[in-house]
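File shown: data-v2.cif (mmCIF, C-alpha atoms).
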```
data_coords
#
loop_
_atom_site.label_atom_id
_atom_site.label_comp_id
_atom_site.auth_asym_id
_atom_site.auth_seq_id
_atom_site.Cartn_x
_atom_site.Cartn_y
_atom_site.Cartn_z
CA MET L 1 22.27 -34.82 -8.13
CA LYS L 2 23.79 -34.82 -4.66
CA THR L 3 22.90 -31.18 -4.02
CA PRO L 4 20.55 -28.69 -5.70
CA LEU L 5 23.53 -26.49 -6.56
CA ILE L 6 26.47 -27.17 -8.88
CA SER L 7 29.53 -25.03 -9.66
CA SER L 8 30.89 -24.31 -13.12
CA GLU L 9 33.91 -26.51 -12.41
CA GLU L 10 31.69 -29.38 -11.29
CA LEU L 11 29.48 -29.02 -14.36
CA ALA L 12 32.47 -29.01 -16.73
CA ALA L 13 33.68 -32.26 -15.15
CA LEU L 14 30.19 -33.79 -15.23
CA LEU L 15 29.84 -33.11 -18.96
CA THR L 16 33.01 -35.11 -19.65
CA GLU L 17 32.02 -37.99 -17.37
CA GLU L 18 28.29 -38.45 -18.08
CA THR L 19 26.32 -38.93 -21.29
CA ASN L 20 22.79 -38.35 -19.98
CA VAL L 21 23.26 -34.76 -18.80
CA VAL L 22 20.69 -32.29 -20.16
CA LEU L 23 21.60 -28.59 -20.01
CA LEU L 24 18.64 -26.23 -19.82
CA ASP L 25 18.91 -22.50 -20.52
CA ALA L 26 16.11 -20.72 -18.61
CA SER L 27 17.24 -17.17 -19.39
CA PRO L 28 14.23 -14.80 -19.31
CA ALA L 29 13.36 -12.60 -22.26
CA THR L 30 12.34 -9.86 -19.78
CA ASN L 31 12.10 -9.44 -16.01
CA VAL L 32 10.38 -7.08 -13.56
CA SER L 33 13.41 -6.75 -11.27
CA GLY L 34 15.29 -4.40 -13.55
CA LEU L 35 18.11 -6.88 -14.19
CA SER L 36 19.96 -7.07 -17.49
CA SER L 37 22.57 -9.31 -19.09
CA ASP L 38 25.34 -8.58 -21.56
CA LEU L 39 25.26 -12.23 -22.64
CA GLU L 40 22.03 -12.12 -24.66
CA GLY L 41 22.03 -14.66 -27.48
CA LEU L 42 24.77 -16.74 -25.90
CA GLN L 43 24.35 -20.18 -24.32
CA ILE L 44 26.43 -22.99 -22.89
CA LYS L 45 27.42 -25.35 -25.67
CA GLY L 46 24.75 -27.99 -26.12
CA ALA L 47 22.09 -26.27 -23.99
CA ARG L 48 18.37 -26.42 -24.78
CA TYR L 49 16.10 -23.46 -24.18
CA PHE L 50 13.55 -23.85 -21.38
CA ASN L 51 10.83 -21.29 -22.12
CA ILE L 52 9.07 -20.71 -18.80
CA LYS L 53 6.60 -18.13 -20.05
CA ASN L 54 5.39 -19.77 -23.26
CA ASN L 55 5.84 -23.51 -22.71
CA PHE L 56 6.06 -24.20 -19.00
CA SER L 57 3.31 -21.98 -17.59
CA ASP L 58 -0.46 -22.50 -17.58
CA ARG L 59 -1.67 -20.93 -20.82
CA GLU L 60 -5.20 -20.48 -19.46
CA SER L 61 -4.22 -18.69 -16.24
CA ASN L 62 -4.91 -15.01 -15.58
CA TYR L 63 -1.62 -14.77 -13.69
CA PRO L 64 2.00 -14.91 -14.94
CA ASN L 65 4.22 -18.01 -14.56
CA THR L 66 1.43 -20.19 -13.14
CA ILE L 67 2.43 -23.84 -12.83
CA PRO L 68 1.13 -25.88 -15.80
CA SER L 69 -0.77 -29.16 -15.65
CA ALA L 70 1.20 -32.40 -15.35
CA LYS L 71 0.13 -33.25 -18.91
CA GLN L 72 1.47 -30.00 -20.35
CA PHE L 73 4.71 -30.19 -18.36
CA GLN L 74 5.32 -33.79 -19.41
CA GLU L 75 4.71 -33.06 -23.10
CA GLU L 76 6.97 -29.99 -23.12
CA ALA L 77 9.73 -31.75 -21.17
CA ARG L 78 9.67 -34.64 -23.63
CA LYS L 79 10.01 -32.20 -26.53
CA LEU L 80 13.28 -31.08 -24.93
CA GLY L 81 14.48 -34.68 -25.01
CA ILE L 82 14.29 -35.14 -21.26
CA ASN L 83 14.09 -38.74 -20.05
CA LYS L 84 13.19 -40.34 -16.75
CA ASN L 85 16.89 -40.89 -16.00
CA SER L 86 18.18 -37.53 -17.26
CA LYS L 87 20.55 -35.54 -15.08
CA ILE L 88 19.46 -31.95 -15.53
CA VAL L 89 21.47 -28.79 -14.94
CA VAL L 90 19.62 -25.50 -15.38
CA TYR L 91 21.05 -21.98 -15.59
CA ASP L 92 20.12 -18.46 -16.66
CA ASN L 93 22.08 -15.50 -18.00
CA LEU L 94 21.44 -13.29 -14.93
CA GLY L 95 23.45 -15.49 -12.53
CA VAL L 96 20.64 -16.90 -10.40
CA TYR L 97 17.15 -15.68 -11.20
CA THR L 98 14.80 -17.95 -13.16
CA SER L 99 16.83 -21.17 -12.87
CA PRO L 100 15.60 -22.02 -9.33
CA ARG L 101 12.01 -21.88 -10.67
CA VAL L 102 12.90 -24.65 -13.14
CA TRP L 103 14.57 -26.64 -10.36
CA TRP L 104 11.38 -26.30 -8.28
CA LEU L 105 9.13 -27.25 -11.20
CA PHE L 106 10.99 -30.49 -11.86
CA ASN L 107 11.01 -31.34 -8.16
CA THR L 108 7.28 -30.60 -7.99
CA PHE L 109 6.66 -32.95 -10.93
CA GLY L 110 8.64 -35.74 -9.31
CA HIS L 111 12.11 -35.36 -10.86
CA ASN L 112 14.79 -34.64 -8.25
CA ASN L 113 17.83 -35.31 -10.43
CA ILE L 114 18.37 -31.63 -11.20
CA ALA L 115 20.73 -28.89 -10.05
CA VAL L 116 21.06 -25.14 -10.55
CA LEU L 117 24.32 -23.78 -11.96
CA ASP L 118 25.57 -21.38 -9.29
CA GLY L 119 26.39 -18.08 -10.94
CA GLY L 120 24.72 -19.20 -14.16
CA LEU L 121 26.03 -18.25 -17.58
CA PRO L 122 28.12 -15.28 -16.32
CA ASP L 123 30.17 -17.58 -14.07
CA TRP L 124 30.53 -20.18 -16.84
CA VAL L 125 31.81 -17.53 -19.24
CA ALA L 126 34.16 -16.14 -16.57
CA HIS L 127 35.75 -19.62 -16.41
CA GLU L 128 36.11 -19.53 -20.22
CA TYR L 129 34.20 -22.75 -20.75
CA ALA L 130 32.61 -23.54 -24.12
CA THR L 131 29.66 -21.44 -25.32
CA GLU L 132 27.78 -20.99 -28.59
CA GLN L 133 25.18 -18.74 -30.15
CA ALA L 134 21.72 -19.65 -28.93
CA SER L 135 19.80 -21.81 -31.40
CA LYS L 136 16.88 -24.21 -31.38
CA LYS L 137 18.01 -27.83 -31.38
CA ARG L 138 16.25 -30.87 -32.74
CA VAL L 139 16.45 -33.67 -30.20
CA PRO L 140 14.82 -37.11 -29.91
CA LEU L 141 11.54 -37.14 -27.99
CA GLY L 142 12.14 -38.01 -24.34
CA ASN L 143 10.22 -40.38 -22.07
CA PHE L 144 9.90 -38.08 -19.06
CA ILE L 145 6.91 -38.77 -16.77
CA ALA L 146 5.40 -36.01 -14.63
CA ASN L 147 3.86 -36.82 -11.25
CA LEU L 148 2.60 -33.71 -9.47
CA LYS L 149 3.39 -33.31 -5.77
CA GLU L 150 0.36 -31.24 -4.83
CA PHE L 151 1.76 -30.37 -1.38
CA ASN L 152 4.51 -28.34 -3.10
CA VAL L 153 1.96 -25.80 -4.35
CA MET L 154 -0.23 -23.45 -2.32
CA ASN L 155 -3.21 -21.53 -3.69
CA PHE L 156 -5.17 -18.42 -2.69
CA SER L 157 -7.72 -20.24 -0.52
CA MET L 158 -4.96 -21.98 1.44
CA ILE L 159 -3.08 -18.73 2.02
CA LYS L 160 -6.25 -16.89 3.02
CA GLU L 161 -7.06 -19.62 5.55
CA ASN L 162 -3.50 -19.39 6.85
CA THR L 163 -3.92 -15.67 7.61
CA GLU L 164 -6.42 -16.83 10.25
CA SER L 165 -4.89 -20.13 11.42
CA ASN L 166 -1.22 -19.00 11.17
CA THR L 167 -0.15 -22.63 10.80
CA ALA L 168 2.50 -21.88 8.14
CA LEU L 169 5.05 -19.10 7.82
CA VAL L 170 4.88 -17.17 4.53
CA VAL L 171 8.27 -15.84 3.38
CA ASP L 172 8.14 -13.12 0.71
CA ALA L 173 11.09 -12.66 -1.68
CA ARG L 174 10.17 -9.18 -2.98
CA SER L 175 12.14 -6.06 -2.08
CA ALA L 176 11.56 -4.49 1.33
CA GLY L 177 9.94 -1.43 -0.29
CA ARG L 178 7.39 -3.49 -2.19
CA PHE L 179 6.73 -5.68 0.86
CA ASN L 180 6.24 -2.68 3.16
CA GLY L 181 4.14 -0.77 0.65
CA THR L 182 6.60 2.12 0.37
CA GLU L 183 7.60 1.38 -3.24
CA PRO L 184 5.31 0.70 -6.22
CA GLU L 185 4.88 -2.72 -7.76
CA PRO L 186 6.50 -3.14 -11.20
CA ARG L 187 3.09 -4.24 -12.46
CA ALA L 188 1.39 -0.86 -12.52
CA GLU L 189 -2.13 -2.20 -11.91
CA LEU L 190 -1.14 -3.73 -8.55
CA ALA L 191 -0.88 -2.07 -5.16
CA SER L 192 2.20 -2.89 -3.08
CA GLY L 193 2.04 -4.33 0.42
CA SER L 194 2.17 -7.79 1.95
CA ILE L 195 0.13 -10.83 2.90
CA PRO L 196 -0.92 -10.72 6.58
CA CYS L 197 1.44 -12.60 8.93
CA SER L 198 4.16 -12.92 6.24
CA ILE L 199 7.84 -11.99 6.64
CA ASN L 200 10.31 -10.56 4.15
CA VAL L 201 13.58 -12.04 2.84
CA PRO L 202 14.42 -10.17 -0.40
CA PHE L 203 15.92 -12.62 -2.89
CA ASN L 204 18.96 -10.38 -3.41
CA ASP L 205 19.81 -10.91 0.28
CA VAL L 206 20.74 -14.56 -0.38
CA LEU L 207 22.97 -13.75 -3.37
CA VAL L 208 26.28 -12.02 -3.96
CA ASP L 209 27.61 -11.28 -7.45
CA GLY L 210 24.97 -13.54 -9.00
CA LYS L 211 25.85 -16.55 -6.83
CA TYR L 212 24.44 -17.94 -3.60
CA LYS L 213 26.09 -16.80 -0.41
CA SER L 214 28.01 -19.35 1.67
CA LYS L 215 26.09 -21.85 3.76
CA GLU L 216 27.20 -20.02 6.90
CA GLU L 217 25.88 -16.69 5.59
CA LEU L 218 22.62 -18.29 4.52
CA ALA L 219 22.28 -19.98 7.91
CA ALA L 220 22.49 -16.58 9.60
CA ILE L 221 19.48 -15.52 7.52
CA PHE L 222 17.42 -18.69 7.73
CA ASN L 223 18.15 -20.28 11.11
CA PRO L 224 15.65 -18.03 12.96
CA ILE L 225 13.06 -18.82 10.29
CA LEU L 226 13.78 -22.54 10.22
CA ALA L 227 13.55 -22.62 14.01
CA GLU L 228 9.84 -21.80 13.76
CA ASP L 229 7.78 -24.95 14.26
CA LYS L 230 5.88 -24.29 11.05
CA PRO L 231 6.11 -25.33 7.41
CA LEU L 232 7.39 -22.60 5.12
CA VAL L 233 5.53 -21.10 2.16
CA PHE L 234 7.57 -18.99 -0.25
CA SER L 235 6.02 -16.12 -2.19
CA CYS L 236 7.10 -13.18 -4.36
CA GLY L 237 5.52 -11.21 -7.20
CA SER L 238 4.62 -14.09 -9.53
CA GLY L 239 6.30 -17.24 -8.20
CA LEU L 240 9.78 -16.87 -9.72
CA THR L 241 12.09 -15.38 -7.10
CA ALA L 242 10.17 -17.24 -4.38
CA CYS L 243 12.07 -20.27 -5.68
CA VAL L 244 15.40 -18.43 -5.27
CA ILE L 245 14.94 -18.15 -1.51
CA LEU L 246 13.31 -21.58 -1.24
CA LEU L 247 16.46 -23.13 -2.71
CA ALA L 248 18.59 -20.98 -0.37
CA SER L 249 16.67 -22.36 2.62
CA LYS L 250 17.24 -25.92 1.36
CA LEU L 251 20.99 -25.28 1.26
CA VAL L 252 20.73 -24.69 5.00
CA ASP L 253 18.18 -27.39 5.87
CA ASP L 254 16.73 -29.69 3.20
CA THR L 255 14.34 -31.42 5.64
CA LYS L 256 11.96 -28.53 6.28
CA ASP L 257 8.49 -28.80 4.72
CA SER L 258 8.35 -26.09 2.07
CA SER L 259 6.04 -25.01 -0.71
CA VAL L 260 5.46 -22.09 -3.08
CA TYR L 261 2.41 -19.84 -3.19
CA ASP L 262 2.29 -20.05 -6.94
CA GLY L 263 0.02 -17.06 -7.61
CA SER L 264 2.02 -15.00 -5.12
CA TRP L 265 1.34 -11.28 -4.63
CA THR L 266 -0.09 -10.81 -8.15
CA GLU L 267 -2.89 -13.25 -7.42
CA TRP L 268 -3.32 -12.34 -3.75
CA VAL L 269 -3.85 -8.61 -4.20
CA GLN L 270 -6.34 -9.09 -7.05
CA LEU L 271 -8.40 -11.93 -5.56
CA TYR L 272 -8.41 -10.38 -2.09
CA LYS L 273 -9.66 -7.10 -3.58
CA GLU L 274 -12.38 -8.96 -5.48
CA GLU L 275 -13.47 -10.81 -2.34
CA ASP L 276 -13.45 -7.56 -0.36
CA GLU L 277 -15.63 -5.91 -3.01
CA GLU L 278 -18.00 -8.87 -2.97
CA VAL L 279 -18.27 -8.68 0.83
CA THR L 280 -18.93 -4.93 0.60
CA GLU L 281 -21.67 -5.54 -1.97
CA GLU L 282 -23.21 -8.27 0.21
CA ILE L 283 -23.19 -5.94 3.22
CA ALA L 284 -24.77 -3.17 1.12
CA GLU L 285 -27.43 -5.61 -0.10
CA GLU L 286 -28.11 -6.74 3.48
CA ILE L 287 -28.43 -3.12 4.63
CA THR L 288 -30.80 -2.36 1.74
CA GLU L 289 -32.88 -5.44 2.58
CA GLU L 290 -33.00 -4.44 6.25
CA GLU L 291 -34.10 -0.93 5.26
CA VAL L 292 -36.87 -2.36 3.05
CA ILE L 293 -38.04 -4.61 5.88
CA ALA L 294 -37.95 -1.67 8.30
CA ASP L 295 -40.03 0.42 5.87
CA GLU L 296 -42.53 -2.40 5.50
CA VAL L 297 -42.79 -2.78 9.29
CA GLU L 298 -43.26 0.97 9.64
CA GLU L 299 -46.02 0.88 7.03
CA LEU L 300 -47.73 -1.99 8.84
CA ASN L 301 -47.44 -0.16 12.15
CA GLN L 302 -48.84 3.00 10.61
CA ALA L 303 -51.68 1.02 9.07
CA GLU L 304 -52.43 -0.46 12.46
CA VAL L 305 -52.45 3.01 13.99
CA ASN L 306 -54.79 4.25 11.25
CA LYS L 307 -57.03 1.26 11.80
CA GLU L 308 -57.22 1.97 15.53
CA GLU L 309 -58.03 5.63 14.81
CA VAL L 310 -60.86 4.62 12.47
CA LEU L 311 -62.24 2.19 15.03
CA SER L 312 -62.04 4.91 17.67
CA ASP L 313 -63.92 7.30 15.41
CA VAL L 314 -66.59 4.66 14.79
CA GLU L 315 -66.94 4.04 18.50
CA ASP L 316 -67.31 7.80 19.09
CA LEU L 317 -70.02 7.99 16.42
CA ASN L 318 -71.84 5.02 17.91
CA GLU L 319 -71.70 6.59 21.33
CA GLU L 320 -73.03 9.88 19.95
CA LYS L 321 -75.85 8.04 18.19
CA ILE L 322 -76.79 6.12 21.34
CA SER L 323 -76.79 9.35 23.37
CA SER L 324 -79.02 11.04 20.80
CA GLU L 325 -81.46 8.16 20.80
CA GLU L 326 -81.64 8.18 24.61
CA GLU L 327 -82.39 11.90 24.61
CA GLU L 328 -85.24 11.36 22.20
#
```

Here is the file; what I need is its structure written in the form of C-alpha cells.
Amino acid sequence: MKTPLISSEELAALLTEETNVVLLDASPATNVSGLSSDLEGLQIKGARYFNIKNNFSDRESNYPNTIPSAKQFQEEARKLGINKNSKIVVYDNLGVYTSPRVWWLFNTFGHNNIAVLDGGLPDWVAHEYATEQASKKRVPLGNFIANLKEFNVMNFSMIKENTESNTALVVDARSAGRFNGTEPEPRAELASGSIPCSINVPFNDVLVDGKYKSKEELAAIFNPILAEDKPLVFSCGSGLTACVILLASKLVDDTKDSSVYDGSWTEWVQLYKEEDEEVTEEIAEEITEEEVIADEVEELNQAEVNKEEVLSDVEDLNEEKISSEEEE
C-alpha cells in the first residue's frame, strides 16, 4: 500500500482492480471507551473476521491485548488465508478504533502491505457499498510468514529505564482525565495517573466523525512532538488506541522512530506497584536486620560493662584481702 490509510472510494476501486486483496474486520466485541455501533453483525462483503482478543493476543499473558508470539501470529494469519503477497485492508465498525492495532501488528511482524479503512464500516455503509451479514468463511490456508521487529515493541523494563534516562518520549492516548488522575480507569482495579515524563494526546483528538483529521490538522498536533530529538513510544490503557495516535503521527512524518509500549498503563501501574511493594519490604527487612544487629551490639556492650564491673569487684576484694593480711 502506498499509504497506511485508504478511503472507501479507493477501497471500492481496489476491489475491482486487484485479486489478492484481503479484507479484515477487526470490530471489537466490547470496548472500555464507551463506544457503540449500530452496525453490529454487519460486515463488508467478503471480509474475514480478525479476532484480536482470542486469536491475535498472547493467551498466556496477564494483560489484555498483549502481542502474540511470531509463531502464533503466523498460524492465525494463515488460517485467515493471508499470503506473503496479500494486500490487506483492515477496518472496524466504530470508524477508527481497533483497526490501527491490526495495522501495527502486521507491520511489527514484517508485513507492510496493509492499510486502514478511514472511517471504517460506518463510512463504507454511508457510501452504500456492498455489505453482508457477518459469517465465518472457509478459506484456503495462506503462506504468510511472520518476522518480528523487536524494536517496534517496548516492555516494562525499558519504560522504567526511560523514566530515568528520558531518551524517548512516551505519548499516552488515554483521555486527559485518566492521564491526569482526575477520572477513574475503566478497569476498576487500576488507579489512574500517568507514566513519569510522558505526555498526553487523547486518541479522540486525532479523529473527527470516526475518521482521521486532515494532515494539516494532525501536523498542528504532532509537529511539536516530532520536533523532539527523541524516538516516540506510544501508550494507552492496553495497547489498542496507542496505535491510533501512532498511525496519526505517521500520516504527518513516516520517518520518525516509533514503537508501542505493549503492556501500556495496565501493565505499568500493576508492575510498578509490585516493585514498590518489594522495595518497601526490602527496606523493612533491612531496618529489622539493622535493629537486630544494634540489639546484639548493645548486648555485647552490656556484657563488656558487666565483665568490667565483675573484674573491678574482684580487684576490690583482692585489695581488701591484701590489706587484711598486712594488718595481721

**Message:** Under the PyMOL selection byres ((chain L and resi 141-152) around 10), which residues of this model are included? Write them out as an NGL selection string.
**Reply:** :L and (69-86 or 104-111 or 138-140 or 153-154 or 233 or 257-262)

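Going from CA of Leu42 in chain L over to CA of Ala248 in chain L, you cover 26.6 Å.
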
**Item:** Residue IDs satisfying the PyMOL selection byres ((chain L and resi 115) around 9), as a list in words
**Value:**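 This file, filtered by the PyMOL selection byres ((chain L and resi 115) around 9), leaves Met1, Lys2, Thr3, Pro4, Leu5, Ile6, Lys87, Ile88, Val89, Val90, Tyr91, Pro100, Trp103, Asn112, Asn113, Ile114, Val116, Leu117 and Asp118 of chain L.
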
Could the residues in this selection be written to a file with C-alpha atoms, as a tab-separated table (two decimals), in the coordinates of the input?
```
chain	number	residue	atom	x	y	z
L	1	MET	CA	22.27	-34.82	-8.13
L	2	LYS	CA	23.79	-34.82	-4.66
L	3	THR	CA	22.90	-31.18	-4.02
L	4	PRO	CA	20.55	-28.69	-5.70
L	5	LEU	CA	23.53	-26.49	-6.56
L	6	ILE	CA	26.47	-27.17	-8.88
L	87	LYS	CA	20.55	-35.54	-15.08
L	88	ILE	CA	19.46	-31.95	-15.53
L	89	VAL	CA	21.47	-28.79	-14.94
L	90	VAL	CA	19.62	-25.50	-15.38
L	91	TYR	CA	21.05	-21.98	-15.59
L	100	PRO	CA	15.60	-22.02	-9.33
L	103	TRP	CA	14.57	-26.64	-10.36
L	112	ASN	CA	14.79	-34.64	-8.25
L	113	ASN	CA	17.83	-35.31	-10.43
L	114	ILE	CA	18.37	-31.63	-11.20
L	116	VAL	CA	21.06	-25.14	-10.55
L	117	LEU	CA	24.32	-23.78	-11.96
L	118	ASP	CA	25.57	-21.38	-9.29
```

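Picture a line from CA of Pro28 in chain L to CA of Asp172 in chain L; it runs 21.0 Å.
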
**Item:** Among the residues L:Glu216, L:Asp123, L:Glu275, L:Glu128, the one that comes closest to Leu251 in chain L [using only C-alpha atoms]
**Value:**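 Nearest to Leu251 in chain L: L:Glu216.
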
Can you tell me which residues surround Pro122 in chain L at a distance of at most 10 Å, considering all atoms listed in the file, apart from same-chain residues fewer than 2 positions away, and format the answer as a JSON list (two decimals) with C-alpha atoms, in the frame of the given file?
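Now in selection_14.json:
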```
[["chain", "number", "residue", "atom", "x", "y", "z"],
["L", 8, "SER", "CA", 30.89, -24.31, -13.12],
["L", 37, "SER", "CA", 22.57, -9.31, -19.09],
["L", 38, "ASP", "CA", 25.34, -8.58, -21.56],
["L", 39, "LEU", "CA", 25.26, -12.23, -22.64],
["L", 91, "TYR", "CA", 21.05, -21.98, -15.59],
["L", 92, "ASP", "CA", 20.12, -18.46, -16.66],
["L", 93, "ASN", "CA", 22.08, -15.50, -18.00],
["L", 94, "LEU", "CA", 21.44, -13.29, -14.93],
["L", 95, "GLY", "CA", 23.45, -15.49, -12.53],
["L", 96, "VAL", "CA", 20.64, -16.90, -10.40],
["L", 118, "ASP", "CA", 25.57, -21.38, -9.29],
["L", 119, "GLY", "CA", 26.39, -18.08, -10.94],
["L", 120, "GLY", "CA", 24.72, -19.20, -14.16],
["L", 124, "TRP", "CA", 30.53, -20.18, -16.84],
["L", 125, "VAL", "CA", 31.81, -17.53, -19.24],
["L", 126, "ALA", "CA", 34.16, -16.14, -16.57],
["L", 127, "HIS", "CA", 35.75, -19.62, -16.41],
["L", 128, "GLU", "CA", 36.11, -19.53, -20.22],
["L", 209, "ASP", "CA", 27.61, -11.28, -7.45],
["L", 210, "GLY", "CA", 24.97, -13.54, -9.00],
["L", 211, "LYS", "CA", 25.85, -16.55, -6.83]]
```

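Taking CA of Val32 in chain L and CA of Pro231 in chain L as endpoints, the distance between them is 28.1 Å.
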
**Prompt:** So, counting only C-alpha atoms, which residue among L:Glu274, L:Phe222, L:Thr19, L:Gly237 is closest to Lys256 in chain L?
**Reply:**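 For Lys256 in chain L, the nearest of the given residues is L:Phe222.
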
Residues within 8 Å of Arg101 in chain L, please, as a PDB file with C-alpha atoms, in the coordinates of the input. Count only C-alpha atoms; anything in the same chain fewer than 2 positions from it doesn't count.
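Final output, saved to part-v3.pdb:
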```
ATOM      1  CA  THR L  98      14.800 -17.950 -13.160  1.00  0.00           C
ATOM      2  CA  SER L  99      16.830 -21.170 -12.870  1.00  0.00           C
ATOM      3  CA  TRP L 103      14.570 -26.640 -10.360  1.00  0.00           C
ATOM      4  CA  TRP L 104      11.380 -26.300  -8.280  1.00  0.00           C
ATOM      5  CA  LEU L 105       9.130 -27.250 -11.200  1.00  0.00           C
ATOM      6  CA  GLY L 239       6.300 -17.240  -8.200  1.00  0.00           C
ATOM      7  CA  LEU L 240       9.780 -16.870  -9.720  1.00  0.00           C
ATOM      8  CA  THR L 241      12.090 -15.380  -7.100  1.00  0.00           C
ATOM      9  CA  CYS L 243      12.070 -20.270  -5.680  1.00  0.00           C
ATOM     10  CA  VAL L 244      15.400 -18.430  -5.270  1.00  0.00           C
TER      11      VAL L 244
END
```
